[in-house]
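Text of the file final39.cif, holding mmCIF, C-alpha atoms (C1' of nucleotides):
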```cif
data_model
loop_
_atom_site.group_PDB
_atom_site.id
_atom_site.type_symbol
_atom_site.label_atom_id
_atom_site.label_comp_id
_atom_site.auth_asym_id
_atom_site.auth_seq_id
_atom_site.Cartn_x
_atom_site.Cartn_y
_atom_site.Cartn_z
ATOM 1 C CA MET A 1305 124.870 131.964 90.787
ATOM 2 C CA ALA A 1306 123.635 128.450 91.145
ATOM 3 C CA LYS A 1307 122.429 126.829 94.278
ATOM 4 C CA LYS A 1308 124.631 124.354 96.021
ATOM 5 C CA TYR A 1309 123.937 120.675 96.311
ATOM 6 C CA ASN A 1310 125.218 118.519 99.106
ATOM 7 C CA ILE A 1311 124.947 115.412 97.010
ATOM 8 C CA SER A 1312 124.277 115.029 93.328
ATOM 9 C CA VAL A 1313 121.051 113.100 93.778
ATOM 10 C CA GLU A 1314 119.504 116.346 94.967
ATOM 11 C CA ALA A 1315 119.800 117.632 91.416
ATOM 12 C CA THR A 1316 118.014 114.550 90.124
ATOM 13 C CA LEU A 1317 115.189 114.991 92.589
ATOM 14 C CA GLU A 1318 114.788 118.576 91.524
ATOM 15 C CA VAL A 1319 113.905 117.271 88.081
ATOM 16 C CA ILE A 1320 111.975 114.063 88.722
ATOM 17 C CA GLY A 1321 110.994 114.446 92.388
ATOM 18 C CA GLY A 1322 107.507 115.066 93.634
ATOM 19 C CA LYS A 1323 104.393 113.016 93.672
ATOM 20 C CA TRP A 1324 103.694 112.689 89.972
ATOM 21 C CA LYS A 1325 106.705 113.208 87.734
ATOM 22 C CA CYS A 1326 108.131 109.708 87.932
ATOM 23 C CA VAL A 1327 104.704 108.256 87.309
ATOM 24 C CA ILE A 1328 104.164 110.445 84.266
ATOM 25 C CA LEU A 1329 107.597 109.584 82.941
ATOM 26 C CA CYS A 1330 107.119 105.863 83.474
ATOM 27 C CA HIS A 1331 103.990 106.006 81.382
ATOM 28 C CA LEU A 1332 105.844 107.909 78.686
ATOM 29 C CA THR A 1333 108.527 105.234 78.505
ATOM 30 C CA HIS A 1334 105.924 103.220 76.616
ATOM 31 C CA GLY A 1335 105.772 105.879 73.936
ATOM 32 C CA LYS A 1336 104.088 109.053 72.935
ATOM 33 C CA MET A 1337 100.818 109.802 74.699
ATOM 34 C CA ARG A 1338 98.046 112.352 74.500
ATOM 35 C CA THR A 1339 97.078 114.312 77.586
ATOM 36 C CA SER A 1340 93.832 112.379 77.834
ATOM 37 C CA ASP A 1341 95.719 109.062 77.632
ATOM 38 C CA LEU A 1342 97.920 110.089 80.525
ATOM 39 C CA LYS A 1343 94.862 111.150 82.440
ATOM 40 C CA ARG A 1344 93.275 107.773 81.836
ATOM 41 C CA HIS A 1345 96.350 105.998 83.169
ATOM 42 C CA MET A 1346 96.468 108.253 86.206
ATOM 43 C CA PRO A 1347 92.876 108.492 87.382
ATOM 44 C CA ASN A 1348 93.842 110.281 90.585
ATOM 45 C CA ILE A 1349 95.767 113.148 89.060
ATOM 46 C CA THR A 1350 93.915 116.382 88.494
ATOM 47 C CA GLN A 1351 94.024 118.236 85.229
ATOM 48 C CA LYS A 1352 95.844 121.032 86.966
ATOM 49 C CA MET A 1353 98.603 118.863 88.393
ATOM 50 C CA LEU A 1354 99.026 116.999 85.147
ATOM 51 C CA THR A 1355 99.621 120.080 83.021
ATOM 52 C CA GLN A 1356 101.672 121.723 85.741
ATOM 53 C CA GLN A 1357 104.009 118.758 86.033
ATOM 54 C CA LEU A 1358 104.235 118.367 82.266
ATOM 55 C CA ARG A 1359 105.158 122.038 81.927
ATOM 56 C CA GLU A 1360 107.968 121.631 84.414
ATOM 57 C CA LEU A 1361 109.242 118.483 82.736
ATOM 58 C CA GLU A 1362 109.146 120.308 79.433
ATOM 59 C CA GLN A 1363 111.071 123.231 80.878
ATOM 60 C CA ASP A 1364 113.703 120.861 82.173
ATOM 61 C CA GLY A 1365 114.008 119.343 78.719
ATOM 62 C CA ILE A 1366 112.744 115.919 79.790
ATOM 63 C CA VAL A 1367 109.625 115.765 77.623
ATOM 64 C CA ASN A 1368 108.635 117.168 74.278
ATOM 65 C CA ARG A 1369 105.226 118.738 73.847
ATOM 66 C CA ILE A 1370 103.780 118.236 70.395
ATOM 67 C CA SER A 1371 100.791 120.402 69.723
ATOM 68 C CA TYR A 1372 98.627 119.784 66.660
ATOM 69 C CA ASN A 1373 96.822 122.913 65.661
ATOM 70 C CA GLN A 1374 93.306 121.577 65.531
ATOM 71 C CA VAL A 1375 90.011 121.741 67.327
ATOM 72 C CA PRO A 1376 89.265 120.088 69.625
ATOM 73 C CA PRO A 1377 92.903 120.402 70.652
ATOM 74 C CA LYS A 1378 95.335 117.550 70.313
ATOM 75 C CA VAL A 1379 98.571 117.536 72.239
ATOM 76 C CA GLU A 1380 101.023 114.720 72.601
ATOM 77 C CA TYR A 1381 103.875 114.248 75.002
ATOM 78 C CA GLU A 1382 106.942 112.077 74.632
ATOM 79 C CA LEU A 1383 110.264 111.584 76.341
ATOM 80 C CA SER A 1384 112.856 113.859 74.791
ATOM 81 C CA ASP A 1385 116.310 112.597 73.940
ATOM 82 C CA TYR A 1386 117.454 113.924 77.257
ATOM 83 C CA GLY A 1387 114.484 112.344 78.998
ATOM 84 C CA ARG A 1388 115.460 109.035 77.517
ATOM 85 C CA THR A 1389 118.687 109.179 79.516
ATOM 86 C CA LEU A 1390 116.364 108.432 82.435
ATOM 87 C CA GLN A 1391 114.834 105.422 80.775
ATOM 88 C CA SER A 1392 116.824 102.740 82.573
ATOM 89 C CA ILE A 1393 116.230 104.413 85.922
ATOM 90 C CA LEU A 1394 112.505 104.580 85.251
ATOM 91 C CA ASP A 1395 112.452 100.947 84.193
ATOM 92 C CA SER A 1396 114.310 99.962 87.348
ATOM 93 C CA LEU A 1397 111.939 101.949 89.526
ATOM 94 C CA CYS A 1398 108.985 100.159 87.976
ATOM 95 C CA ALA A 1399 110.631 96.768 88.285
ATOM 96 C CA TRP A 1400 111.534 97.362 91.920
ATOM 97 C CA GLY A 1401 107.992 98.434 92.673
ATOM 98 C CA GLU A 1402 106.650 95.280 91.131
ATOM 99 C CA GLN A 1403 108.957 93.128 93.232
ATOM 100 C CA HIS A 1404 108.056 95.154 96.286
ATOM 101 C CA ILE A 1405 104.371 94.605 95.677
ATOM 102 C CA ILE A 1406 104.962 90.874 95.345
ATOM 103 C CA LYS A 1407 106.946 90.901 98.576
ATOM 104 C CA GLU A 1408 104.272 92.857 100.426
ATOM 105 C CA TYR A 1409 101.152 91.299 99.012
ATOM 106 C CA GLY A 1410 102.298 88.026 97.522
ATOM 107 C CA ASP A 1411 100.498 88.686 94.303
ATOM 108 C CA LYS A 1412 100.824 91.664 92.087
ATOM 109 C CA PHE A 1413 97.495 91.044 90.434
ATOM 110 C CA ALA A 1414 95.795 91.752 93.719
ATOM 111 C CA VAL A 1415 96.908 95.358 93.871
ATOM 112 C CA LEU A 1416 97.660 96.472 90.346
ATOM 113 C CA GLU A 1417 94.707 97.942 88.528
ATOM 114 C CA ASP A 1418 93.621 96.104 85.420
ATOM 115 C CA ASN A 1419 94.599 98.845 83.073
ATOM 116 C CA VAL A 1420 98.222 98.503 84.157
ATOM 117 C CA LEU A 1421 98.372 94.848 83.406
ATOM 118 C CA ASN A 1422 97.646 95.509 79.797
ATOM 119 C CA HIS A 1423 101.168 96.680 79.285
ATOM 120 C CA MET B 613 92.614 95.002 101.869
ATOM 121 C CA ALA B 614 95.485 96.589 100.059
ATOM 122 C CA LYS B 615 95.366 99.777 98.121
ATOM 123 C CA LYS B 616 95.488 99.670 94.379
ATOM 124 C CA TYR B 617 98.294 100.972 92.268
ATOM 125 C CA ASN B 618 97.856 102.170 88.752
ATOM 126 C CA ILE B 619 101.483 101.508 87.955
ATOM 127 C CA SER B 620 104.098 99.680 89.928
ATOM 128 C CA VAL B 621 106.371 102.691 90.330
ATOM 129 C CA GLU B 622 103.773 104.094 92.704
ATOM 130 C CA ALA B 623 104.743 101.377 95.166
ATOM 131 C CA THR B 624 108.395 102.362 94.855
ATOM 132 C CA LEU B 625 107.600 105.978 95.514
ATOM 133 C CA GLU B 626 105.655 105.035 98.599
ATOM 134 C CA VAL B 627 108.905 103.681 100.008
ATOM 135 C CA ILE B 628 111.579 106.053 98.717
ATOM 136 C CA GLY B 629 109.527 109.070 97.671
ATOM 137 C CA GLY B 630 109.539 112.399 99.405
ATOM 138 C CA LYS B 631 112.098 115.071 99.864
ATOM 139 C CA TRP B 632 114.694 113.253 101.948
ATOM 140 C CA LYS B 633 114.567 109.492 101.679
ATOM 141 C CA CYS B 634 116.596 109.120 98.496
ATOM 142 C CA VAL B 635 119.186 111.497 99.848
ATOM 143 C CA ILE B 636 119.496 109.587 103.102
ATOM 144 C CA LEU B 637 119.723 106.300 101.240
ATOM 145 C CA CYS B 638 122.360 107.607 98.840
ATOM 146 C CA HIS B 639 124.522 108.566 101.788
ATOM 147 C CA LEU B 640 124.026 105.142 103.305
ATOM 148 C CA THR B 641 125.217 103.440 100.119
ATOM 149 C CA HIS B 642 128.688 104.478 101.269
ATOM 150 C CA GLY B 643 128.299 102.440 104.419
ATOM 151 C CA LYS B 644 127.062 102.548 107.951
ATOM 152 C CA MET B 645 126.615 106.021 109.416
ATOM 153 C CA ARG B 646 125.768 107.559 112.739
ATOM 154 C CA THR B 647 122.873 109.966 113.023
ATOM 155 C CA SER B 648 125.281 112.852 113.490
ATOM 156 C CA ASP B 649 127.208 111.838 110.365
ATOM 157 C CA LEU B 650 124.043 111.904 108.315
ATOM 158 C CA LYS B 651 123.180 115.257 109.808
ATOM 159 C CA ARG B 652 126.587 116.586 108.815
ATOM 160 C CA HIS B 653 126.110 115.442 105.237
ATOM 161 C CA MET B 654 122.626 116.954 105.125
ATOM 162 C CA PRO B 655 123.000 120.353 106.734
ATOM 163 C CA ASN B 656 119.490 121.422 105.732
ATOM 164 C CA ILE B 657 117.577 118.568 107.264
ATOM 165 C CA THR B 658 116.131 119.056 110.706
ATOM 166 C CA GLN B 659 116.584 116.556 113.486
ATOM 167 C CA LYS B 660 112.883 115.892 113.392
ATOM 168 C CA MET B 661 112.736 115.081 109.677
ATOM 169 C CA LEU B 662 115.861 112.969 109.846
ATOM 170 C CA THR B 663 114.597 110.669 112.568
ATOM 171 C CA GLN B 664 111.117 110.631 111.108
ATOM 172 C CA GLN B 665 112.337 109.543 107.683
ATOM 173 C CA LEU B 666 114.719 106.997 109.179
ATOM 174 C CA ARG B 667 111.874 105.507 111.207
ATOM 175 C CA GLU B 668 109.794 105.088 108.097
ATOM 176 C CA LEU B 669 112.647 103.543 106.164
ATOM 177 C CA GLU B 670 113.222 101.177 109.065
ATOM 178 C CA GLN B 671 109.564 100.207 109.130
ATOM 179 C CA ASP B 672 109.690 99.473 105.424
ATOM 180 C CA GLY B 673 112.718 97.245 106.009
ATOM 181 C CA ILE B 674 115.071 99.416 103.974
ATOM 182 C CA VAL B 675 117.498 100.376 106.736
ATOM 183 C CA ASN B 676 118.718 98.727 109.921
ATOM 184 C CA ARG B 677 118.956 100.752 113.088
ATOM 185 C CA ILE B 678 121.792 99.678 115.321
ATOM 186 C CA SER B 679 121.603 101.125 118.783
ATOM 187 C CA TYR B 680 124.572 100.824 121.126
ATOM 188 C CA ASN B 681 123.428 101.005 124.682
ATOM 189 C CA GLN B 682 125.701 103.748 125.915
ATOM 190 C CA VAL B 683 125.708 107.340 127.038
ATOM 191 C CA PRO B 684 125.853 109.631 125.240
ATOM 192 C CA PRO B 685 123.788 107.534 122.863
ATOM 193 C CA LYS B 686 125.258 105.987 119.754
ATOM 194 C CA VAL B 687 123.035 104.841 116.936
ATOM 195 C CA GLU B 688 124.081 103.714 113.513
ATOM 196 C CA TYR B 689 122.077 103.227 110.372
ATOM 197 C CA GLU B 690 122.882 101.042 107.416
ATOM 198 C CA LEU B 691 121.129 99.745 104.332
ATOM 199 C CA SER B 692 119.448 96.439 105.097
ATOM 200 C CA ASP B 693 119.714 93.505 102.722
ATOM 201 C CA TYR B 694 116.425 94.586 101.249
ATOM 202 C CA GLY B 695 117.607 98.175 101.077
ATOM 203 C CA ARG B 696 120.601 97.020 99.101
ATOM 204 C CA THR B 697 118.259 95.879 96.339
ATOM 205 C CA LEU B 698 117.922 99.615 95.722
ATOM 206 C CA GLN B 699 121.659 100.164 95.499
ATOM 207 C CA SER B 700 121.960 100.272 91.720
ATOM 208 C CA ILE B 701 118.966 102.597 91.447
ATOM 209 C CA LEU B 702 120.483 104.930 94.029
ATOM 210 C CA ASP B 703 123.823 104.871 92.249
ATOM 211 C CA SER B 704 122.120 105.679 88.961
ATOM 212 C CA LEU B 705 120.180 108.529 90.497
ATOM 213 C CA CYS B 706 123.408 110.033 91.817
ATOM 214 C CA ALA B 707 125.204 109.543 88.534
ATOM 215 C CA TRP B 708 122.383 111.119 86.560
ATOM 216 C CA GLY B 709 122.332 114.078 88.920
ATOM 217 C CA GLU B 710 126.036 114.591 88.409
ATOM 218 C CA GLN B 711 125.648 114.565 84.640
ATOM 219 C CA HIS B 712 122.696 116.889 84.922
ATOM 220 C CA ILE B 713 124.689 119.335 86.994
ATOM 221 C CA ILE B 714 127.462 119.285 84.418
ATOM 222 C CA LYS B 715 124.918 119.872 81.656
ATOM 223 C CA GLU B 716 123.296 122.753 83.531
ATOM 224 C CA TYR B 717 126.314 124.438 85.029
ATOM 225 C CA GLY B 718 129.217 123.137 82.989
ATOM 226 C CA ASP B 719 131.186 122.300 86.058
ATOM 227 C CA LYS B 720 130.122 120.171 88.935
ATOM 228 C CA PHE B 721 132.667 121.701 91.274
ATOM 229 C CA ALA B 722 130.806 124.965 91.052
ATOM 230 C CA VAL B 723 127.660 123.660 92.660
ATOM 231 C CA LEU B 724 128.605 120.635 94.712
ATOM 232 C CA GLU B 725 129.567 121.423 98.279
ATOM 233 C CA ASP B 726 133.087 120.517 99.263
ATOM 234 C CA ASN B 727 132.087 117.787 101.647
ATOM 235 C CA VAL B 728 130.485 115.854 98.803
ATOM 236 C CA LEU B 729 133.577 115.879 96.710
ATOM 237 C CA ASN B 730 135.443 113.929 99.345
ATOM 238 C CA HIS B 731 133.670 110.796 98.293
ATOM 239 C "C1'" DT C 1076 129.029 123.043 139.567
ATOM 240 C "C1'" DG C 1077 128.122 123.745 134.962
ATOM 241 C "C1'" DC C 1078 129.080 122.601 130.210
ATOM 242 C "C1'" DT C 1079 129.287 119.428 126.063
ATOM 243 C "C1'" DA C 1080 127.942 115.737 123.188
ATOM 244 C "C1'" DT C 1081 124.372 112.511 121.455
ATOM 245 C "C1'" DA C 1082 119.855 110.829 119.858
ATOM 246 C "C1'" DG C 1083 115.573 111.700 120.159
ATOM 247 C "C1'" DG C 1084 110.679 113.452 121.476
ATOM 248 C "C1'" DT C 1085 106.896 117.153 121.498
ATOM 249 C "C1'" DT C 1086 104.185 121.114 120.351
ATOM 250 C "C1'" DC C 1087 103.132 124.742 117.610
ATOM 251 C "C1'" DT C 1088 103.475 127.275 113.361
ATOM 252 C "C1'" DA C 1089 104.710 128.302 108.526
ATOM 253 C "C1'" DA C 1090 105.155 127.138 103.933
ATOM 254 C "C1'" DA C 1091 104.591 124.195 100.099
ATOM 255 C "C1'" DA C 1092 101.965 121.052 97.583
ATOM 256 C "C1'" DA C 1093 97.880 119.424 95.951
ATOM 257 C "C1'" DG C 1094 92.846 119.457 95.263
ATOM 258 C "C1'" DT C 1095 88.196 121.792 93.826
ATOM 259 C "C1'" DA C 1096 85.379 124.114 90.950
ATOM 260 C "C1'" DA C 1097 84.412 127.111 87.521
ATOM 261 C "C1'" DC C 1098 85.915 129.010 83.345
ATOM 262 C "C1'" DT C 1099 88.037 129.461 78.157
ATOM 263 C "C1'" DA C 1100 87.734 128.101 72.960
ATOM 264 C "C1'" DT C 1101 85.584 125.759 68.868
ATOM 265 C "C1'" DA C 1102 84.672 121.934 65.510
ATOM 266 C "C1'" DA C 1103 81.752 118.057 64.958
ATOM 267 C "C1'" DC C 1104 77.520 116.010 65.715
ATOM 268 C "C1'" DC C 1105 72.399 115.199 66.553
ATOM 269 C "C1'" DG D 759 70.292 125.277 69.288
ATOM 270 C "C1'" DG D 760 72.278 122.235 72.535
ATOM 271 C "C1'" DT D 761 75.868 118.680 73.644
ATOM 272 C "C1'" DT D 762 80.412 116.513 73.625
ATOM 273 C "C1'" DA D 763 85.316 116.327 73.428
ATOM 274 C "C1'" DT D 764 89.952 118.363 74.275
ATOM 275 C "C1'" DA D 765 93.613 120.914 76.695
ATOM 276 C "C1'" DG D 766 94.249 124.273 79.460
ATOM 277 C "C1'" DT D 767 93.803 128.404 82.975
ATOM 278 C "C1'" DT D 768 92.519 130.656 87.204
ATOM 279 C "C1'" DA D 769 91.137 131.717 92.009
ATOM 280 C "C1'" DC D 770 90.396 129.676 96.091
ATOM 281 C "C1'" DT D 771 90.694 126.053 99.767
ATOM 282 C "C1'" DT D 772 92.484 122.120 101.984
ATOM 283 C "C1'" DT D 773 95.969 118.926 103.132
ATOM 284 C "C1'" DT D 774 100.470 117.666 103.667
ATOM 285 C "C1'" DT D 775 104.964 118.556 104.718
ATOM 286 C "C1'" DA D 776 108.490 120.772 106.920
ATOM 287 C "C1'" DG D 777 110.572 123.862 110.249
ATOM 288 C "C1'" DA D 778 111.459 126.266 114.949
ATOM 289 C "C1'" DA D 779 111.860 126.026 119.493
ATOM 290 C "C1'" DC D 780 111.570 123.711 123.184
ATOM 291 C "C1'" DC D 781 112.198 119.366 126.152
ATOM 292 C "C1'" DT D 782 114.434 114.541 127.875
ATOM 293 C "C1'" DA D 783 118.632 111.663 129.739
ATOM 294 C "C1'" DT D 784 123.514 111.052 131.405
ATOM 295 C "C1'" DA D 785 128.664 110.236 131.089
ATOM 296 C "C1'" DG D 786 132.766 112.808 130.876
ATOM 297 C "C1'" DC D 787 135.369 116.777 131.764
ATOM 298 C "C1'" DA D 788 137.312 121.335 133.416
#
```

Kindly present the structure from the file in structure tokens form.
Amino acid sequence: MAKKYNISVEATLEVIGGKWKCVILCHLTHGKMRTSDLKRHMPNITQKMLTQQLRELEQDGIVNRISYNQVPPKVEYELSDYGRTLQSILDSLCAWGEQHIIKEYGDKFAVLEDNVLNH
Amino acid sequence: MAKKYNISVEATLEVIGGKWKCVILCHLTHGKMRTSDLKRHMPNITQKMLTQQLRELEQDGIVNRISYNQVPPKVEYELSDYGRTLQSILDSLCAWGEQHIIKEYGDKFAVLEDNVLNH
DNA sequence: TGCTATAGGTTCTAAAAAGTAACTATAACC
DNA sequence: GGTTATAGTTACTTTTTAGAACCTATAGCA
């Protein structure tokens, strides 16, 4: 049967842990996005990691994958209903990061890439 | 100069990302703990990883290290004031994990180790 | 004397995670 | 006919992370 957890947060980390998942999900809190949009917002992620992480999030029921049957392909991702139960956590993580940047660097504009500030 | 972030959550993950930090911090939300207490609550962490992660959290100002000058040594860790700005996020992460476990397994008692349930 | 407990350091190795590069398909366009 | 765009796969390599096994010091105790 199931694995054992020593504290419930371990279960959370199994779903949204790792280097990229929280970042992907934070972007998706702003709404549906195509693969190429995500890629644009995450210039350092590789195609491989992006699809791999999205697959896992899909399998865990966090995101929906919407595939339009056309060529060239068009695929969109969005937070699922279940994924939206993470929304306030994701918002808080972003907000904390922003405060942390201000604390560390004094000015968030100094370290946030332009594209981010267009939110 | 500073590195650039493409989204503020990246800064958060730099501080509390990784396999162990959130778990350590969640335990510390319940109050000050000795190294050996933490170890007991995290049977799968190695001594090396535990001290390494605690060092990093200390350097980022998230935890305080309180060393009593005695033999055998006694060291306690606690959330710092700054670390406590993460408290509600940590609580939410734990709560979400608990709900997720219930969703996945139906019964949290089936997968949470006994020691956890004594909280 | 020899053992335990405590917190931690060090070196080496194993495993996991992530990156690189090359490949697929096909419609639309020049 | 050649090029671009899109989303994705695959095999291989590198980097990062984590673990195992060893070491330190010393008070207290049988």

Which protein, DNA or RNA residues are at most 12 Å from (118.2, 98.7, 86.1) in the file's coordinates when you count all atoms listed in the file, listed as a short mmCIF file (atom, residue, chain, number, x, y, z; two decimals) with C-alpha atoms, keeping the file's coordinate frame?
```
data_model
loop_
_atom_site.label_atom_id
_atom_site.label_comp_id
_atom_site.auth_asym_id
_atom_site.auth_seq_id
_atom_site.Cartn_x
_atom_site.Cartn_y
_atom_site.Cartn_z
CA LEU A 1390 116.36 108.43 82.44
CA GLN A 1391 114.83 105.42 80.78
CA SER A 1392 116.82 102.74 82.57
CA ILE A 1393 116.23 104.41 85.92
CA LEU A 1394 112.50 104.58 85.25
CA ASP A 1395 112.45 100.95 84.19
CA SER A 1396 114.31 99.96 87.35
CA LEU A 1397 111.94 101.95 89.53
CA CYS A 1398 108.98 100.16 87.98
CA ALA A 1399 110.63 96.77 88.28
CA TRP A 1400 111.53 97.36 91.92
CA THR B 697 118.26 95.88 96.34
CA LEU B 698 117.92 99.62 95.72
CA GLN B 699 121.66 100.16 95.50
CA SER B 700 121.96 100.27 91.72
CA ILE B 701 118.97 102.60 91.45
CA LEU B 702 120.48 104.93 94.03
CA ASP B 703 123.82 104.87 92.25
CA SER B 704 122.12 105.68 88.96
CA LEU B 705 120.18 108.53 90.50
#
```

Practice problem: Evaluate the PyMOL selection byres ((chain A) within 8 of (chain C)) on the structure here and hand back the selected residues as a ChimeraX atom specification. | Solution: /A:1350,1353,1375-1376

Exercise. Can you give me, as a VMD selection string, the residues this file yields under the PyMOL selection byres ((chain B) within 7 of (chain A))?
Key: chain B and resid 614 to 624 630 635 653 to 654 701 704 to 706 708 to 710 713 723 to 725 728

Could you save those same residues with C-alpha atoms as a PDB file, keeping the file's coordinate frame?
```pdb
ATOM      1  CA  ALA B 614      95.485  96.589 100.059  1.00  0.00           C
ATOM      2  CA  LYS B 615      95.366  99.777  98.121  1.00  0.00           C
ATOM      3  CA  LYS B 616      95.488  99.670  94.379  1.00  0.00           C
ATOM      4  CA  TYR B 617      98.294 100.972  92.268  1.00  0.00           C
ATOM      5  CA  ASN B 618      97.856 102.170  88.752  1.00  0.00           C
ATOM      6  CA  ILE B 619     101.483 101.508  87.955  1.00  0.00           C
ATOM      7  CA  SER B 620     104.098  99.680  89.928  1.00  0.00           C
ATOM      8  CA  VAL B 621     106.371 102.691  90.330  1.00  0.00           C
ATOM      9  CA  GLU B 622     103.773 104.094  92.704  1.00  0.00           C
ATOM     10  CA  ALA B 623     104.743 101.377  95.166  1.00  0.00           C
ATOM     11  CA  THR B 624     108.395 102.362  94.855  1.00  0.00           C
ATOM     12  CA  GLY B 630     109.539 112.399  99.405  1.00  0.00           C
ATOM     13  CA  VAL B 635     119.186 111.497  99.848  1.00  0.00           C
ATOM     14  CA  HIS B 653     126.110 115.442 105.237  1.00  0.00           C
ATOM     15  CA  MET B 654     122.626 116.954 105.125  1.00  0.00           C
ATOM     16  CA  ILE B 701     118.966 102.597  91.447  1.00  0.00           C
ATOM     17  CA  SER B 704     122.120 105.679  88.961  1.00  0.00           C
ATOM     18  CA  LEU B 705     120.180 108.529  90.497  1.00  0.00           C
ATOM     19  CA  CYS B 706     123.408 110.033  91.817  1.00  0.00           C
ATOM     20  CA  TRP B 708     122.383 111.119  86.560  1.00  0.00           C
ATOM     21  CA  GLY B 709     122.332 114.078  88.920  1.00  0.00           C
ATOM     22  CA  GLU B 710     126.036 114.591  88.409  1.00  0.00           C
ATOM     23  CA  ILE B 713     124.689 119.335  86.994  1.00  0.00           C
ATOM     24  CA  VAL B 723     127.660 123.660  92.660  1.00  0.00           C
ATOM     25  CA  LEU B 724     128.605 120.635  94.712  1.00  0.00           C
ATOM     26  CA  GLU B 725     129.567 121.423  98.279  1.00  0.00           C
ATOM     27  CA  VAL B 728     130.485 115.854  98.803  1.00  0.00           C
TER      28      VAL B 728
END
```

Quiz prompt | Output check: residues returned by the PyMOL selection byres ((chain D) within 12 of (chain B)), as a ChimeraX atom specification | solution = /D:774-779,783-786

Self-check item: Point-to-point distance in Å for atom CA of A:Leu1329 and atom CA of B:Leu637
Solution: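 Answer for the atom CA of B:Leu637 to atom CA of A:Leu1329 separation: 22.2 Å.
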
To box stretch 760-776 of chain D, take all atoms listed in the file, fit an axis-aligned box, add 3 Å on each side, and give centre and edge lengths in Å to one decimal, as lines of an AutoDock Vina configuration file.
```
center_x = 90.4
center_y = 124.0
center_z = 89.7
size_x = 42.2
size_y = 21.4
size_z = 40.4
```

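Distance annotation: of A:Ile1328, A:Leu1383, A:Leu1354, A:Leu1361, the residue with the minimal separation from D:DA765 is A:Leu1354; atom set is all atoms listed in the file.
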
Self-check item: Interatomic distance, atom CA of A:Leu1332 to atom CA of B:Ile628 (Å, one decimal)
Solution: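 Pair atom CA of A:Leu1332 / atom CA of B:Ile628 returns 20.9 Å.
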
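In this structure, atom CA of A:Asp1341 sits 12.0 Å away from atom CA of A:Glu1382.
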
Keeping just C-alpha atoms (C1' of nucleotides), export stretch 771-786 of chain D of this structure as an mmCIF file, in the first residue's frame.
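Once written, selection16.cif looks like this:
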```cif
data_model
loop_
_atom_site.group_PDB
_atom_site.id
_atom_site.type_symbol
_atom_site.label_atom_id
_atom_site.label_comp_id
_atom_site.auth_asym_id
_atom_site.auth_seq_id
_atom_site.Cartn_x
_atom_site.Cartn_y
_atom_site.Cartn_z
ATOM 1 C "C1'" DT D 771 25.841 13.424 -20.870
ATOM 2 C "C1'" DT D 772 26.583 16.448 -17.143
ATOM 3 C "C1'" DT D 773 25.536 18.458 -12.839
ATOM 4 C "C1'" DT D 774 23.498 18.428 -8.598
ATOM 5 C "C1'" DT D 775 21.978 16.277 -4.706
ATOM 6 C "C1'" DA D 776 21.998 12.963 -1.357
ATOM 7 C "C1'" DG D 777 23.782 9.049 1.184
ATOM 8 C "C1'" DA D 778 27.337 5.930 3.692
ATOM 9 C "C1'" DA D 779 30.925 5.489 6.485
ATOM 10 C "C1'" DC D 780 34.093 7.321 8.867
ATOM 11 C "C1'" DC D 781 36.080 10.949 12.181
ATOM 12 C "C1'" DT D 782 36.130 14.773 16.258
ATOM 13 C "C1'" DA D 783 35.311 16.205 21.421
ATOM 14 C "C1'" DT D 784 34.040 15.313 26.378
ATOM 15 C "C1'" DA D 785 30.951 14.796 30.560
ATOM 16 C "C1'" DG D 786 28.646 11.293 32.989
#
```
